[in-house]
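Okay, data.txt is below, compact mmCIF, C-alpha atoms:
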```txt
# COMPACT_ATOMS: atom_id res chain seq x y z
CA MET A 1 153.51 94.45 142.95
CA SER A 2 156.45 92.44 141.66
CA VAL A 3 156.07 90.84 138.24
CA ASN A 4 157.56 87.44 137.49
CA CYS A 5 158.53 87.91 133.89
CA SER A 6 160.69 84.92 132.98
CA LEU A 7 162.11 87.26 130.42
CA TRP A 8 165.77 86.50 130.29
CA GLN A 9 167.88 85.52 127.33
CA GLU A 10 169.91 82.37 127.66
CA ASN A 11 173.03 84.41 128.39
CA SER A 12 171.06 86.34 131.07
CA LEU A 13 172.42 89.62 129.80
CA SER A 14 169.28 91.25 128.48
CA VAL A 15 165.56 91.34 129.08
CA LYS A 16 163.63 90.24 125.99
CA ARG A 17 160.12 90.87 127.31
CA PHE A 18 158.67 93.62 129.45
CA ALA A 19 155.58 94.12 131.59
CA PHE A 20 153.75 97.35 132.36
CA ALA A 21 153.31 98.19 136.02
CA LYS A 22 149.83 97.83 137.44
CA PHE A 23 148.15 101.18 137.92
CA SER A 24 146.48 100.27 141.20
CA GLU A 25 145.76 97.25 143.38
CA VAL A 26 142.18 98.53 143.78
CA PRO A 27 140.06 97.01 140.96
CA GLY A 28 137.57 99.88 141.02
CA GLU A 29 140.25 102.48 140.28
CA CYS A 30 141.55 100.55 137.27
CA PHE A 31 138.02 100.07 135.92
CA LEU A 32 137.22 103.77 136.33
CA LEU A 33 140.40 104.79 134.52
CA PHE A 34 139.71 102.19 131.82
CA THR A 35 136.23 103.66 131.26
CA LEU A 36 137.49 107.25 131.08
CA ILE A 37 140.33 106.45 128.69
CA LEU A 38 138.07 104.29 126.51
CA LEU A 39 135.54 107.13 126.22
CA MET A 40 138.28 109.64 125.33
CA PHE A 41 139.74 107.19 122.81
CA LEU A 42 136.37 106.65 121.10
CA VAL A 43 135.64 110.40 121.01
CA SER A 44 139.12 111.08 119.60
CA LEU A 45 138.89 108.33 116.99
CA THR A 46 135.39 109.33 115.89
CA GLY A 47 136.04 113.08 115.89
CA ASN A 48 139.31 112.94 113.99
CA THR A 49 137.94 110.45 111.45
CA LEU A 50 134.90 112.64 110.79
CA ILE A 51 137.03 115.78 110.39
CA ALA A 52 139.38 114.04 107.93
CA LEU A 53 136.41 112.69 105.93
CA ALA A 54 134.60 116.04 106.00
CA ILE A 55 137.65 117.87 104.64
CA CYS A 56 138.35 115.26 101.96
CA THR A 57 134.74 115.24 100.72
CA SER A 58 134.14 119.02 100.82
CA PRO A 59 135.70 120.91 97.87
CA SER A 60 135.22 124.21 99.73
CA LEU A 61 137.69 122.98 102.37
CA HIS A 62 140.43 122.10 99.89
CA THR A 63 142.62 124.96 101.10
CA PRO A 64 146.05 124.95 102.82
CA MET A 65 144.62 125.42 106.33
CA TYR A 66 142.25 122.47 106.03
CA PHE A 67 144.81 120.36 104.19
CA PHE A 68 147.05 120.62 107.26
CA LEU A 69 144.08 120.02 109.57
CA ALA A 70 143.25 116.78 107.73
CA ASN A 71 146.87 115.69 108.17
CA LEU A 72 146.65 116.56 111.87
CA SER A 73 143.50 114.46 112.25
CA LEU A 74 145.20 111.47 110.60
CA LEU A 75 148.18 111.96 112.90
CA GLU A 76 145.98 111.98 115.98
CA ILE A 77 144.35 108.71 114.89
CA GLY A 78 147.74 107.03 114.50
CA TYR A 79 149.09 108.64 117.68
CA THR A 80 146.30 107.34 119.91
CA CYS A 81 146.08 103.92 118.21
CA SER A 82 149.80 103.34 118.84
CA VAL A 83 149.37 103.68 122.61
CA ILE A 84 145.79 103.51 123.91
CA PRO A 85 144.70 99.92 122.98
CA LYS A 86 147.62 98.35 124.88
CA MET A 87 147.08 100.79 127.73
CA LEU A 88 143.43 99.74 128.01
CA GLN A 89 144.39 96.05 127.99
CA SER A 90 146.90 96.59 130.79
CA LEU A 91 144.29 98.32 132.96
CA VAL A 92 141.79 95.46 133.05
CA SER A 93 143.88 92.38 132.33
CA GLU A 94 146.70 90.53 134.02
CA ALA A 95 148.24 90.11 130.55
CA ARG A 96 150.34 93.25 130.86
CA GLY A 97 153.38 91.92 129.08
CA ILE A 98 154.87 93.17 125.82
CA SER A 99 157.67 91.67 123.76
CA TRP A 100 160.96 93.44 123.09
CA GLU A 101 159.94 93.83 119.44
CA GLY A 102 156.45 95.02 120.37
CA CYS A 103 157.84 97.60 122.75
CA ALA A 104 160.27 98.86 120.10
CA SER A 105 157.46 99.12 117.53
CA GLN A 106 155.21 100.99 119.95
CA MET A 107 158.01 103.44 120.77
CA PHE A 108 158.78 104.04 117.09
CA PHE A 109 155.19 104.83 116.15
CA PHE A 110 154.67 106.97 119.24
CA ILE A 111 157.76 109.07 118.44
CA PHE A 112 156.99 109.08 114.71
CA PHE A 113 153.49 110.49 115.13
CA GLY A 114 154.53 112.82 117.96
CA ILE A 115 157.44 114.46 116.13
CA THR A 116 155.42 114.70 112.91
CA GLU A 117 152.72 116.55 114.85
CA CYS A 118 155.28 119.01 116.25
CA CYS A 119 156.49 119.83 112.73
CA LEU A 120 152.97 119.95 111.31
CA LEU A 121 151.80 122.41 113.98
CA ALA A 122 154.69 124.67 112.97
CA ALA A 123 153.65 124.39 109.30
CA MET A 124 150.09 125.34 110.29
CA ALA A 125 151.38 128.41 112.15
CA PHE A 126 153.41 129.42 109.08
CA ASP A 127 150.29 129.04 106.95
CA ARG A 128 148.34 131.39 109.25
CA TYR A 129 151.24 133.87 109.18
CA MET A 130 151.25 133.92 105.38
CA ALA A 131 147.45 134.25 105.21
CA ILE A 132 147.32 137.24 107.58
CA CYS A 133 150.64 139.01 107.05
CA SER A 134 151.02 138.44 103.31
CA PRO A 135 147.50 137.93 101.90
CA LEU A 136 148.34 139.20 98.39
CA HIS A 137 151.03 136.54 97.92
CA TYR A 138 149.29 133.80 99.90
CA ALA A 139 147.94 131.85 96.92
CA THR A 140 151.36 131.57 95.26
CA ARG A 141 153.50 131.09 98.37
CA MET A 142 151.17 128.49 99.87
CA SER A 143 150.42 126.58 96.69
CA ARG A 144 149.48 122.91 96.68
CA GLY A 145 153.08 121.99 95.97
CA VAL A 146 154.39 123.99 98.91
CA CYS A 147 151.75 122.55 101.26
CA ALA A 148 152.53 119.01 100.11
CA TYR A 149 156.24 119.66 100.60
CA LEU A 150 155.73 120.93 104.18
CA ALA A 151 153.54 117.95 105.03
CA ILE A 152 156.01 115.45 103.53
CA VAL A 153 158.92 117.04 105.39
CA SER A 154 156.94 116.76 108.64
CA TRP A 155 156.21 113.06 108.10
CA VAL A 156 159.79 112.31 107.03
CA MET A 157 161.22 114.12 110.08
CA GLY A 158 158.97 112.06 112.33
CA CYS A 159 160.12 108.85 110.66
CA ILE A 160 163.83 109.73 110.90
CA VAL A 161 163.66 110.76 114.57
CA GLY A 162 161.49 107.75 115.42
CA LEU A 163 163.91 105.30 113.81
CA GLY A 164 166.96 107.01 115.32
CA GLN A 165 165.67 107.25 118.89
CA THR A 166 164.19 103.75 118.89
CA ASN A 167 167.38 102.20 117.53
CA PHE A 168 169.47 104.17 120.04
CA ILE A 169 167.34 103.10 123.02
CA PHE A 170 167.06 99.44 122.06
CA SER A 171 170.77 99.12 121.42
CA LEU A 172 171.09 99.25 125.22
CA ASN A 173 171.00 96.18 127.46
CA PHE A 174 168.05 95.88 129.83
CA CYS A 175 169.28 93.74 132.69
CA GLY A 176 166.14 93.81 134.80
CA PRO A 177 163.83 94.43 136.43
CA CYS A 178 161.49 93.93 133.50
CA GLU A 179 158.61 96.05 134.80
CA ILE A 180 158.04 99.38 133.02
CA ASP A 181 156.61 101.86 135.50
CA HIS A 182 154.38 103.44 132.87
CA PHE A 183 151.36 102.90 130.58
CA PHE A 184 153.40 102.34 127.42
CA CYS A 185 156.96 102.12 126.09
CA ASP A 186 158.03 105.72 126.55
CA LEU A 187 161.63 106.95 126.57
CA PRO A 188 162.20 107.98 130.26
CA PRO A 189 160.80 104.81 131.92
CA LEU A 190 162.73 102.55 129.53
CA LEU A 191 165.96 104.41 130.18
CA ALA A 192 165.40 103.78 133.89
CA LEU A 193 165.52 100.01 133.19
CA ALA A 194 168.74 100.09 131.15
CA CYS A 195 171.96 98.90 132.71
CA GLY A 196 175.19 100.75 132.13
CA ASP A 197 175.80 104.39 131.24
CA THR A 198 172.80 106.06 129.62
CA SER A 199 174.18 109.60 129.54
CA GLN A 200 174.58 109.54 125.75
CA ASN A 201 170.96 108.42 125.33
CA GLU A 202 169.76 111.15 127.68
CA ALA A 203 171.76 113.71 125.68
CA ALA A 204 170.31 112.37 122.41
CA ILE A 205 166.76 112.64 123.77
CA PHE A 206 167.41 116.20 124.94
CA VAL A 207 168.92 117.23 121.59
CA ALA A 208 166.03 115.65 119.68
CA ALA A 209 163.56 117.40 121.98
CA VAL A 210 165.24 120.77 121.44
CA LEU A 211 165.42 120.35 117.66
CA CYS A 212 162.01 118.76 117.10
CA ILE A 213 159.91 120.20 119.93
CA PHE A 214 161.48 123.46 121.03
CA SER A 215 162.58 124.68 117.58
CA PRO A 216 159.13 124.28 115.96
CA PHE A 217 157.66 125.90 119.05
CA LEU A 218 159.93 128.93 118.53
CA LEU A 219 158.78 129.11 114.91
CA ILE A 220 155.17 129.03 116.09
CA ILE A 221 155.79 131.79 118.65
CA SER A 222 157.61 133.89 116.06
CA SER A 223 154.73 133.46 113.59
CA TYR A 224 152.13 134.48 116.16
CA VAL A 225 154.11 137.50 117.35
CA ARG A 226 154.16 138.76 113.75
CA ILE A 227 150.48 137.92 113.36
CA LEU A 228 149.65 139.87 116.52
CA VAL A 229 151.60 142.90 115.28
CA ALA A 230 149.78 142.73 111.93
CA VAL A 231 146.40 142.38 113.62
CA LEU A 232 146.97 145.34 115.94
CA VAL A 233 147.52 147.70 113.02
CA MET A 234 144.39 146.56 111.15
CA PRO A 235 141.95 149.49 110.91
CA SER A 236 138.81 147.33 110.93
CA PRO A 237 137.56 145.67 114.16
CA GLU A 238 135.85 143.02 112.04
CA GLY A 239 139.15 142.25 110.32
CA ARG A 240 140.94 141.94 113.65
CA HIS A 241 138.26 139.61 115.00
CA LYS A 242 138.30 137.41 111.89
CA ALA A 243 142.10 137.17 111.91
CA LEU A 244 142.25 136.23 115.59
CA SER A 245 139.40 133.73 115.33
CA THR A 246 141.20 131.80 112.57
CA CYS A 247 144.26 131.45 114.82
CA SER A 248 142.67 130.83 118.23
CA SER A 249 141.89 127.13 117.67
CA HIS A 250 145.40 126.36 116.47
CA LEU A 251 146.97 128.34 119.30
CA LEU A 252 144.92 126.44 121.90
CA VAL A 253 145.94 123.07 120.41
CA VAL A 254 149.60 124.16 120.38
CA THR A 255 149.43 125.20 124.03
CA LEU A 256 147.91 121.88 125.13
CA PHE A 257 150.28 119.70 123.11
CA TYR A 258 153.55 121.55 123.63
CA GLY A 259 152.88 122.26 127.29
CA SER A 260 152.54 118.59 128.21
CA THR A 261 155.28 117.21 125.93
CA SER A 262 157.84 119.86 126.93
CA ALA A 263 157.23 119.11 130.60
CA THR A 264 158.08 115.45 129.87
CA TYR A 265 161.03 115.55 127.46
CA LEU A 266 162.81 118.80 128.31
CA ARG A 267 163.32 117.84 131.96
CA SER A 268 166.44 116.16 133.33
CA LYS A 269 166.33 112.48 134.31
CA SER A 270 166.69 113.33 138.01
CA SER A 271 163.53 115.45 137.97
CA HIS A 272 161.32 112.70 136.50
CA SER A 273 158.65 111.27 138.76
CA PRO A 274 156.73 108.15 137.64
CA GLY A 275 153.44 109.54 138.95
CA VAL A 276 153.84 112.92 137.24
CA ASP A 277 155.08 111.30 134.02
CA LYS A 278 152.01 109.06 133.91
CA LEU A 279 149.65 112.00 134.34
CA LEU A 280 151.42 113.99 131.63
CA ALA A 281 151.43 110.98 129.30
CA LEU A 282 147.73 110.42 129.90
CA PHE A 283 147.14 114.07 129.02
CA TYR A 284 149.07 114.25 125.75
CA THR A 285 148.04 110.80 124.50
CA SER A 286 144.35 110.88 125.44
CA VAL A 287 143.08 114.30 126.45
CA THR A 288 144.67 116.47 123.75
CA SER A 289 143.76 113.99 120.98
CA MET A 290 140.15 114.07 122.18
CA LEU A 291 140.05 117.86 122.48
CA ASN A 292 141.55 118.66 119.06
CA PRO A 293 138.50 117.74 116.93
CA ILE A 294 136.21 119.39 119.49
CA ILE A 295 138.25 122.62 119.44
CA TYR A 296 138.43 122.80 115.65
CA SER A 297 134.80 121.87 115.05
CA LEU A 298 133.25 124.09 117.71
CA ARG A 299 135.23 127.19 116.73
CA ASN A 300 134.97 126.83 112.95
CA LYS A 301 131.68 127.27 111.06
CA GLU A 302 133.09 125.78 107.85
CA VAL A 303 134.18 122.58 109.61
CA LYS A 304 130.84 122.32 111.41
CA GLY A 305 129.02 122.72 108.08
CA ALA A 306 131.19 120.06 106.43
CA LEU A 307 130.63 117.69 109.36
CA ARG A 308 126.86 118.15 109.08
CA ARG A 309 127.01 117.43 105.34
CA THR A 310 129.19 114.35 105.93
CA LEU A 311 126.88 112.99 108.62
CA GLY A 312 123.84 113.75 106.45
CA LEU A 313 125.41 111.88 103.53
CA LYS A 314 126.06 108.86 105.73
CA LYS A 315 122.42 108.85 106.88
CA VAL A 316 121.19 108.99 103.25
CA LEU A 317 123.46 106.12 102.23
CA THR A 318 122.31 104.07 105.22
CA MET A 319 118.64 104.66 104.35
CA LYS A 320 119.21 103.65 100.71
CA ARG A 321 120.75 100.38 101.84
```

Could you quickly redo this structure as structure tokens?
Amino acid sequence: MSVNCSLWQENSLSVKRFAFAKFSEVPGECFLLFTLILLMFLVSLTGNTLIALAICTSPSLHTPMYFFLANLSLLEIGYTCSVIPKMLQSLVSEARGISWEGCASQMFFFIFFGITECCLLAAMAFDRYMAICSPLHYATRMSRGVCAYLAIVSWVMGCIVGLGQTNFIFSLNFCGPCEIDHFFCDLPPLLALACGDTSQNEAAIFVAAVLCIFSPFLLIISSYVRILVAVLVMPSPEGRHKALSTCSSHLLVVTLFYGSTSATYLRSKSSHSPGVDKLLALFYTSVTSMLNPIIYSLRNKEVKGALRRTLGLKKVLTMKR
């Protein structure tokens, strides 16, 4: 369906307001998708908030692994909140427009949280490598200062890449049409609206993806290869099981996140399909964020215990009031 945007600057050279494409002309399909995404959003928001609170309020979880997990939960909250509310509005409302500034802000925060998560997942893999392959030196090599440094570097990298990519994309002219064939202001669909040569932007996106997605992924793979070698030579079956169980949750999260993002940002422009891109975006913005707290809580007795204590504390406080 064509969208009448009335979005032109006075000089008619650049679009100053965009509109997201309608998912379907069938109202029932939009409502069904709205309900599913809303449920996933609420589960993600609740689960990640509870995990962050449980870790912060449980002294027994003040260790490097759970410090990074708390950061990951906060990232997931920001990641989903930067995209999902506007997506939900566009599914059930005719008000599907977004200003140039709003689109730029959404893109920045989406990239910021996404790149930070890539770096943080690599830091978590390094933490598991140190814990299993160098247990005698773990306490000194993964001190609070080192953990804080790795977390800060992850957040700063996300901020730098987010600012750089957003500035690079929005320095282009968007001559129309104004309709973004996507749920939110993502890089590939916005590039498709730009007029002029976008080859430099495509190259910049690919380089950023290689450096900030593929490189951390290689570090994760390298860490887990060394972990696997160390586990295989362990004489105790109980030791092998404990070592693998501490890594399985993180490895599953890595597979879900990197699989979907790599399929989106490491492909050439010619191979992008709006339908496939939407499905992938729905997966890494909604599904993975919902699954992360479930994966970590179900497979970790300490997190489950902390969650029970946190929920019990909330009930006591509510009763006292």

What lies within 7 Å of A:Cys212 using all atoms listed in the file, ignoring chain neighbours under 3 positions off, as a list in words?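 My list of contacting residues is Ile115, Cys118, Ala208, Ala209, Ser215 and Pro216 of chain A.
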
Quick one: residues within 10 Å of stretch 249-263 of chain A, all atoms listed in the file counted, chain neighbours fewer than 6 positions away excluded, as a PyMOL selection string? chain A and resi 69+114+117-118+121-122+124-125+128+209-210+213-214+216-217+220-221+224+272+276-277+279-285+287-289+291-300

My list of candidates is A:Cys247, A:Leu191, A:Met65, A:Ala52. Which is closest to A:Ser143 when distances are computed with all atoms listed in the file?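 Nearest candidate to A:Ser143 out of A:Cys247, A:Leu191, A:Met65, A:Ala52: A:Met65.
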
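Pairwise distance (atom CA of A:Lys278, atom CA of A:Cys159) equals 24.6 Å.
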
Between atom CA of A:Ile55 and atom CA of A:Gly78, distance in Å (one decimal): 17.8 Å

Calculate how many Å separate atom CA of A:Ala54 from atom CA of A:Leu88, rounding to one decimal. 28.8 Å

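The closest residue to A:Asn48, picked from A:Ala194, A:Ala70, A:Val207, A:Met130 and counting all atoms listed in the file, is A:Ala70.
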
Please define a box with edges along x, y and z of the file around all atoms of stretch 48-56 of chain A given in the file, extend it by 5 Å on each side, and return its centre and edge lengths in Å to one decimal, as lines of an AutoDock Vina configuration file.
```
center_x = 137.0
center_y = 114.2
center_z = 108.0
size_x = 14.8
size_y = 17.4
size_z = 22.0
```

Nearest to A:Cys147, chosen from A:Arg96, A:Leu61, A:Gly162, A:Phe68, with only C-alpha atoms counted in the distances: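 Closest candidate: A:Phe68.
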
Excluding A:Ile227 and any residue of its chain fewer than 4 positions from it, enumerate the residues within 9 Å of it, using all atoms listed in the file, and give them as a short mmCIF file (atom, residue, chain, number, x, y, z; two decimals) with C-alpha atoms, in the coordinates of the input.
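Heads up, here's the output in around17.cif:
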```cif
data_model
loop_
_atom_site.label_atom_id
_atom_site.label_comp_id
_atom_site.auth_asym_id
_atom_site.auth_seq_id
_atom_site.Cartn_x
_atom_site.Cartn_y
_atom_site.Cartn_z
CA ARG A 128 148.34 131.39 109.25
CA TYR A 129 151.24 133.87 109.18
CA MET A 130 151.25 133.92 105.38
CA ILE A 132 147.32 137.24 107.58
CA CYS A 133 150.64 139.01 107.05
CA SER A 222 157.61 133.89 116.06
CA SER A 223 154.73 133.46 113.59
CA VAL A 231 146.40 142.38 113.62
CA LEU A 232 146.97 145.34 115.94
CA ALA A 243 142.10 137.17 111.91
CA LEU A 244 142.25 136.23 115.59
#
```

Using only C-alpha atoms, pick whichever of A:Asp186, A:Glu76, A:Glu101, A:Asp181 has the shortest atom-to-atom distance to A:Met290.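 Smallest separation from A:Met290 among the options: A:Glu76.
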
Name the closest residue to A:Val92 among the candidates A:Met142, A:Ile37, A:Leu193, A:Leu172; distances are taken between atoms, counting only C-alpha atoms. A:Ile37
